[in-house]
Amino acid sequence: MKFGGTSVATLPRWQNIRELVASRRAEGARVLVVVSALTGITDALKQMCAQEDKGKRIEAAKAIAQRHYDLLDHMQLAVPDTLDARLTELAQLAEDGPSQLGELAWAALVQAHGELMSSALGAAFLTHSGLNTQWVDARDCLSAIALPNQNERTKLLSAMVEAKPDPALNARLAELGDVFITQGFIARESQGRTVLLGRGGSDTSASYFGALLKAQRVEIWTDVAGMFTANPRQVPSARLLQRLDYEEAQEIASTGAKVLHPRCLSPLREPRVPLLIKDTNRPELEGTLIGPEVREHAPSVKAISARKGITLVSMESVGMWQQVGFLADVFAQFKQHGLSVDMIGSAETNVTVSLDPTENLLDSDALAALASDLAKVCRVKVIAPCAAITLVGRGMRSMLHTLSTVLAEFGQIRVHMISQSSNNLNLTFVVDENVVDDLLPHLHELLITAGALRTDDSALFGPSWQALYGTGEVLPPAASWWREERRADLLKIGEGATPRYVYHLPTVRQQARELKSLAAVDRLHYAVKANTHPAILKALAEEGFGFECVSPGELKAVMAVVPESAPLLFTPNFAPREDYEWGLSTRATISLDSLYQLENWGELFRGKEVVLRLDLGRGLGHHEKVRTGGSGSKFGLPVEQLDTFLRLADTHGVTVRGLHAHLGSGILDDSHWGEVYGQLASLAERIGSVTFLDIGGGLGVPSHPGEARLDIAALDKVLREVKAAYPHYKLWMEPGRYLVADAGVLITKVTQTKGKGNGQIRYLGVDTGMNSLIRPALYEAWHEIVNLTRLDEPATALFQVVGPICESGDVLGTDRRLPEPQEGDVMLVAQAGAYGKVMSSPYNLRDEAEEIILE
C-alpha cells in the first residue's frame, strides 16, 4: 500500500492509513506500507542542497525537523529512536556539506531523508495505534542496476531497479511480523551509495516491492478514485476507468495522466501482480484495477489525454531518400545533446520528431545547439509550442471506422503530425498548444456520441467525475419511464405476442412542453416522418404543434386526425410533379429545394408563396447518412445558385416567403441553430420578401451513458440573442426525434443463444431484428438494450444481440453486457419511438410489430 505526501502529512490522514491497513489485515493479508515524504519536505530538502552557506543548510534542517516534531505533537508521541537517528544524520549532512561524499551522492542521501523520516514516524504511530509495525529500510531490499549510457547524475538521481520475485526477502519479512513500513523513492547501488528513483519514484518503489514479494496486489492510494477517461479537471464528465491492462494504463499515464507514473507498471507485468488505484479520502469508491490484458470487453477507446509543451523538430533533405545511415547520423545528434525522442513521423524527404518536456530539459539554448548541428546535414524547422492529443485503447486500428466525427474535428485546426503507435494502443495528433483546452472536452463528448468510448460497458467504465465528486455543471440524464414507472406494464405486454412497439404519451407531451419553453420560437412543426401514429399526432396537435410532412401520404395521415387549424409544411425532395400538384391543393406551405422545379414546372407555382430550402455547405450528425447538408447530401439548393433561383422566381411570379435549412440529426451543440439562423437571416436580407426562417430540427437525443443532454435553456438563450439581431423574421423549427424517441420502446423476446470462437463470441437471439428496427444496420445507431425480465440481475457477459432476419447486418446491438438470459425473457430496446415502426418492413415476410399506446 503506497501513500503519497498529502496522505502522510497530518494526523487525520495517518488515522485513515491506520484504518485502511487494519482492513487489509482483517482480510488476512500481510501488509507493506510504502510512503513518500511529508508534503513539501522533498522540495525543502532540494532547497537545502542548493544552499552553499552552511548556516542556512543547518537552519533548513532544523525547520524540516520541526515539521516532524509538530506532527508528533499532534499524534501525542515521543520522538521514536528511528526518527531521532534520521534527524541526527540529516543535521550532520547539513553540517558537512557535499565535500566528503561528492555533490550528487550527498544530494541523493539528503533527499532520501524525506522518506526515511516519514516512514520512521509512521511506524511509531501505527504501532502506538495497535498495529505492531516493523520499519524496513528500502535500501536493504532494492538494488539499483547500472544501465548503458548512464551518467553519474542519472545513476544517482534517476536510478532503475530490476525487481524479480525474491522468496528469501518474503521469508525474511514473514519472520518479523505482519505489518511493515518502508520508503518510496530510494534504493542502493552496487557501491553502497543511496540513490533516488526519480520522478514517480514512490509509485515505482511500491511496484518494485510488489514484484519482489509477488504480492496479492499493489495499492496506490492518492487523492482521486483512479484513472479517468480524460483529465477530470478539464472534463468533468470524464468517466472512471474501472479496469485496464498494464499496456493501456501505461499509455494513458505516459500520454498525460498524472495519477500514476508510467515507470511503475513495468515491474508488475512479468509476475502479473495487479495494481489498484484508490482514493485515500474515499476508500469506498471502487478505484481503477490494472492487471493482465482484459479480454472480455468491447473494443473501446479508454481515454483521451493531452500533453502540452511539446516541441517538434522537422528535418528535411532530398538527400535522405534511400541514403544508408542518414537517420543514424540525425539521431546521433539528439543523443549527443542528451535529448530523448518521443514520436517519429517520416516521409521520403522529411523526418519529424517530437520532444516531450517531461523527459527532456528543453530550453532555447539546447534547441538552438541541436538545430545548429542538424543544419549540417538537413534543413531544420523547430515548431513550438505544440500539444499532443492522444486517444488510447487496445486495438486502436480496429476502431478507426467509429472515429469519423472525431477525426472531422481535426479538419478544422492545424495538425502538425499524426502518429499511430506500432503497438496499436494509441493514435496521437500534434496540434498548436492554444487549442487544446477547448478541444479536449469536445472530443471526449464526440467519442461517447460516436460509440468509440463505450461508456455503456459498466464493467469497464464507472461513474463520472462530477457524479463522484460533485464538480462541474452537467445536466443529469433524463429519467427512463420504462425502467421503474411502467416496467410491470411492459412485462405484461411482453408476455403476449411480440415484437411490439410501445409508446408513452406522457413523455411525448413532456418533450413537447419543454420545446414550447423556447421563447424565441414562433412556430414548432413536428417532423412527421419520425413517428406517424395517430395518437402521437393528436397529442402534439393538442400541444399546439404544426406538422412537417415529406410526402402526400404523410399529409393525408396528418389531415385525417388533426384540426384544420394546425399549420402544415410540405417539404418533398426529388419528388414527382404530381406530389407538388397535390400539395398545392392543400393548405400546406410548400418547400422547394432545387432549380429544377421552377426551370421545368414554373407555371405550376405561378403566383404562389414558397419556402426555399438552402444547403449552407456543411452537414452535421452522428453518421454520414443523417447529415443533410454539404455537397455529399441530396438536400437543399446550393447557396451559389440562389441568384439564379430568385431570377426564375421573378419570371414566374413566385414569392419566397421563407428560408429553410436543416443540416442533420443528432446535434447536441446548442450554438448550431443560432449559426443557422444568422446565416439564413443574412441571405434573407438580400431577398426582401422573406418573413420567416426555418432553422430545421435535428435536436440530439443522447443515447450512450454519460453523453451530455441538449441544454434547452442554453438553446433558448442562443435563439433569443440571434433573434434580437434580426427581430423582423419569425422563427420556425421542426423537431422530430427529440419529441418521440424516448417515448417509445421495442419489446421483443429471447429466442436462443449461441457461442462461437471457443465461447469468446456469444450471440443472443430475439424474435425481431432489422425488419422492425433498421437504424442500427442502416447507420450504426446505438440503442440501449436491456433484459427487462432480469433488470435487477448483474450484467456479467457480453452478447451480440441479433434478430431472425437472413442478413449478416441483422444486429440490434454489439458487445452488450447483459445478465445470463433464458429463452422467453422479455428484452427491451430503448429510444425506439423515432424512426422505428415507420422504417420497418415485411422483409423475410416476418410479422410486423404491433403498436401499443400507454396513456
# chains A, B, ... in the order shown; residues from 1 in each chain; ligands from 1
$ residues_around --residues "region 530-533 of chain A" --least-positions-apart "2" --cutoff "10 Å" --atoms "only C-alpha atoms" --output "mmCIF file with N, CA and C atoms, in the first residue's frame"
data_model
loop_
_atom_site.group_PDB
_atom_site.id
_atom_site.type_symbol
_atom_site.label_atom_id
_atom_site.label_comp_id
_atom_site.auth_asym_id
_atom_site.auth_seq_id
_atom_site.Cartn_x
_atom_site.Cartn_y
_atom_site.Cartn_z
ATOM 1 N N TYR A 503 -45.618 3.041 -26.925
ATOM 2 C CA TYR A 503 -45.392 4.485 -26.856
ATOM 3 C C TYR A 503 -46.040 5.064 -25.606
ATOM 4 N N TYR A 526 -43.862 19.499 -36.030
ATOM 5 C CA TYR A 526 -43.374 18.146 -35.747
ATOM 6 C C TYR A 526 -43.005 17.475 -37.059
ATOM 7 N N ALA A 527 -41.783 16.931 -37.153
ATOM 8 C CA ALA A 527 -41.341 16.202 -38.344
ATOM 9 C C ALA A 527 -42.006 14.834 -38.334
ATOM 10 N N VAL A 528 -43.072 14.709 -39.099
ATOM 11 C CA VAL A 528 -43.975 13.556 -39.023
ATOM 12 C C VAL A 528 -43.285 12.247 -39.346
ATOM 13 N N ALA A 535 -52.240 8.594 -32.436
ATOM 14 C CA ALA A 535 -52.320 9.095 -31.060
ATOM 15 C C ALA A 535 -51.230 10.131 -30.785
ATOM 16 N N ILE A 536 -50.044 9.902 -31.369
ATOM 17 C CA ILE A 536 -48.947 10.866 -31.192
ATOM 18 C C ILE A 536 -49.250 12.148 -31.943
ATOM 19 N N LEU A 537 -49.804 12.036 -33.178
ATOM 20 C CA LEU A 537 -50.166 13.231 -33.943
ATOM 21 C C LEU A 537 -51.213 14.052 -33.200
ATOM 22 N N LYS A 538 -52.200 13.383 -32.643
ATOM 23 C CA LYS A 538 -53.251 14.094 -31.898
ATOM 24 C C LYS A 538 -52.679 14.781 -30.664
ATOM 25 N N GLU A 554 -47.961 11.280 -45.880
ATOM 26 C CA GLU A 554 -47.853 11.887 -44.557
ATOM 27 C C GLU A 554 -48.867 13.016 -44.401
ATOM 28 N N ALA A 557 -52.214 11.453 -43.732
ATOM 29 C CA ALA A 557 -52.300 10.877 -42.389
ATOM 30 C C ALA A 557 -52.504 11.967 -41.345
ATOM 31 N N VAL A 558 -51.834 13.096 -41.501
ATOM 32 C CA VAL A 558 -51.970 14.195 -40.551
ATOM 33 C C VAL A 558 -53.333 14.834 -40.650
ATOM 34 N N PRO A 735 -38.692 19.962 -35.008
ATOM 35 C CA PRO A 735 -38.145 18.798 -34.295
ATOM 36 C C PRO A 735 -38.939 17.538 -34.598
ATOM 37 N N GLY A 736 -38.256 16.418 -34.586
ATOM 38 C CA GLY A 736 -38.918 15.129 -34.792
ATOM 39 C C GLY A 736 -38.515 14.143 -33.716
ATOM 40 N N ARG A 737 -37.311 13.583 -33.856
ATOM 41 C CA ARG A 737 -36.844 12.549 -32.943
ATOM 42 C C ARG A 737 -36.840 13.019 -31.495
ATOM 43 N N TYR A 738 -36.527 14.295 -31.274
ATOM 44 C CA TYR A 738 -36.449 14.811 -29.908
ATOM 45 C C TYR A 738 -37.774 14.629 -29.174
ATOM 46 N N LEU A 739 -38.882 14.706 -29.901
ATOM 47 C CA LEU A 739 -40.203 14.622 -29.280
ATOM 48 C C LEU A 739 -40.622 13.193 -28.955
ATOM 49 N N VAL A 740 -40.165 12.220 -29.747
ATOM 50 C CA VAL A 740 -40.764 10.884 -29.633
ATOM 51 C C VAL A 740 -39.782 9.746 -29.352
ATOM 52 N N ALA A 741 -38.474 9.977 -29.518
ATOM 53 C CA ALA A 741 -37.523 8.858 -29.371
ATOM 54 C C ALA A 741 -37.627 8.204 -28.000
ATOM 55 N N GLY A 744 -40.757 5.894 -26.904
ATOM 56 C CA GLY A 744 -41.062 4.586 -27.466
ATOM 57 C C GLY A 744 -40.026 3.538 -27.156
ATOM 58 N N ALA A 832 -36.839 3.829 -29.136
ATOM 59 C CA ALA A 832 -37.342 3.299 -30.401
ATOM 60 C C ALA A 832 -38.599 4.023 -30.863
ATOM 61 N N GLY A 833 -38.899 5.156 -30.225
ATOM 62 C CA GLY A 833 -40.099 5.892 -30.606
ATOM 63 C C GLY A 833 -39.956 6.671 -31.887
ATOM 64 N N ALA A 834 -38.728 6.865 -32.351
ATOM 65 C CA ALA A 834 -38.491 7.616 -33.579
ATOM 66 C C ALA A 834 -37.797 6.725 -34.604
ATOM 67 N N TYR A 835 -38.290 6.766 -35.843
ATOM 68 C CA TYR A 835 -37.691 6.026 -36.952
ATOM 69 C C TYR A 835 -37.590 4.536 -36.641
ATOM 70 N N GLY A 836 -38.596 4.021 -35.977
ATOM 71 C CA GLY A 836 -38.687 2.598 -35.689
ATOM 72 C C GLY A 836 -39.732 1.952 -36.575
ATOM 73 N N LYS A 837 -40.965 1.978 -36.129
ATOM 74 C CA LYS A 837 -42.061 1.385 -36.892
ATOM 75 C C LYS A 837 -42.179 2.001 -38.289
ATOM 76 N N VAL A 838 -41.961 3.314 -38.398
ATOM 77 C CA VAL A 838 -42.134 3.978 -39.696
ATOM 78 C C VAL A 838 -41.119 3.503 -40.726
ATOM 79 N N MET A 839 -40.006 2.929 -40.299
ATOM 80 C CA MET A 839 -38.990 2.441 -41.225
ATOM 81 C C MET A 839 -38.974 0.910 -41.306
ATOM 82 N N GLU A 851 -48.324 -1.866 -32.523
ATOM 83 C CA GLU A 851 -48.076 -0.636 -31.774
ATOM 84 C C GLU A 851 -49.104 -0.494 -30.656
ATOM 85 N N ILE A 852 -48.611 -0.170 -29.470
ATOM 86 C CA ILE A 852 -49.473 -0.038 -28.284
ATOM 87 C C ILE A 852 -49.216 1.323 -27.644
ATOM 88 N N ILE A 853 -50.302 1.964 -27.217
ATOM 89 C CA ILE A 853 -50.204 3.288 -26.595
ATOM 90 C C ILE A 853 -50.426 3.164 -25.083
#
$ closest_atom_pairs --of "region 678-761 of chain A" --to "region 289-312 of chain A" --cutoff "12 Å" --atoms "only C-alpha atoms" --output "JSON lines"
{"residue": "A:Gly759", "atom": "CA", "partner": "A:Glu296", "partner_atom": "CA", "distance": 10.7}
{"residue": "A:Gln760", "atom": "CA", "partner": "A:Glu296", "partner_atom": "CA", "distance": 7.7}
{"residue": "A:Ile761", "atom": "CA", "partner": "A:Glu296", "partner_atom": "CA", "distance": 9.3}
$ write_last_selection --atoms "C-alpha atoms" --output "PDB file, in the first residue's frame"
ATOM      1  CA  GLY A 759     -17.140 -19.230 -26.462  1.00  0.00           C
ATOM      2  CA  GLN A 760     -15.412 -15.853 -26.828  1.00  0.00           C
ATOM      3  CA  ILE A 761     -18.252 -14.519 -29.006  1.00  0.00           C
TER       4      ILE A 761
END
$ residues_around --residues "Ala138 (chain A)" --least-positions-apart "5" --cutoff "10 Å" --atoms "only C-alpha atoms" --output "ChimeraX atom specification"
/A:34,115-116,143,181-188,205,209
$ residues_around --residues "Thr449 (chain A)" --least-positions-apart "2" --cutoff "7 Å" --atoms "only C-alpha atoms" --output "list in words"
Glu445, Leu446, Leu447, Gly451, His704 and Glu707 of chain A
$ write_last_selection --atoms "N, CA and C atoms" --output "compact mmCIF listing (two decimals), in the first residue's frame"
# COMPACT_ATOMS: atom_id res chain seq x y z
N GLU A 445 -16.64 14.28 -25.62
CA GLU A 445 -18.08 14.12 -25.86
C GLU A 445 -18.34 13.43 -27.20
N LEU A 446 -17.57 13.80 -28.21
CA LEU A 446 -17.74 13.17 -29.53
C LEU A 446 -17.39 11.69 -29.50
N LEU A 447 -16.39 11.30 -28.72
CA LEU A 447 -16.03 9.89 -28.62
C LEU A 447 -17.17 9.07 -28.04
N GLY A 451 -19.80 6.31 -30.10
CA GLY A 451 -19.74 4.92 -29.64
C GLY A 451 -18.32 4.38 -29.61
N HIS A 704 -25.91 7.14 -25.38
CA HIS A 704 -24.87 6.46 -24.61
C HIS A 704 -24.84 6.96 -23.18
N GLU A 707 -23.45 10.56 -21.96
CA GLU A 707 -23.49 11.54 -23.04
C GLU A 707 -24.32 12.75 -22.61
$ closest_residue --among "A:Leu77, A:Leu213, A:Leu90, A:Leu276" --to "Ile64 (chain A)" --atoms "only C-alpha atoms"
A:Leu90
$ closest_residue --among "A:Pro167, A:Gly813, A:Gly462, A:Gly325" --to "Ala777 (chain A)" --atoms "only C-alpha atoms"
A:Gly813
$ residues_around --residues "Ile448 (chain A)" --least-positions-apart "6" --cutoff "12 Å" --atoms "only C-alpha atoms" --output "VMD selection string"
chain A and resid 229 to 230 237 to 239 300 to 304 402 to 403 405 to 406 441 to 442 454 to 457 461 622 702 to 708 782
$ closest_residue --among "A:Leu32, A:Glu514, A:Gly198, A:Glu495" --to "Arg153 (chain A)" --atoms "only C-alpha atoms"
A:Gly198
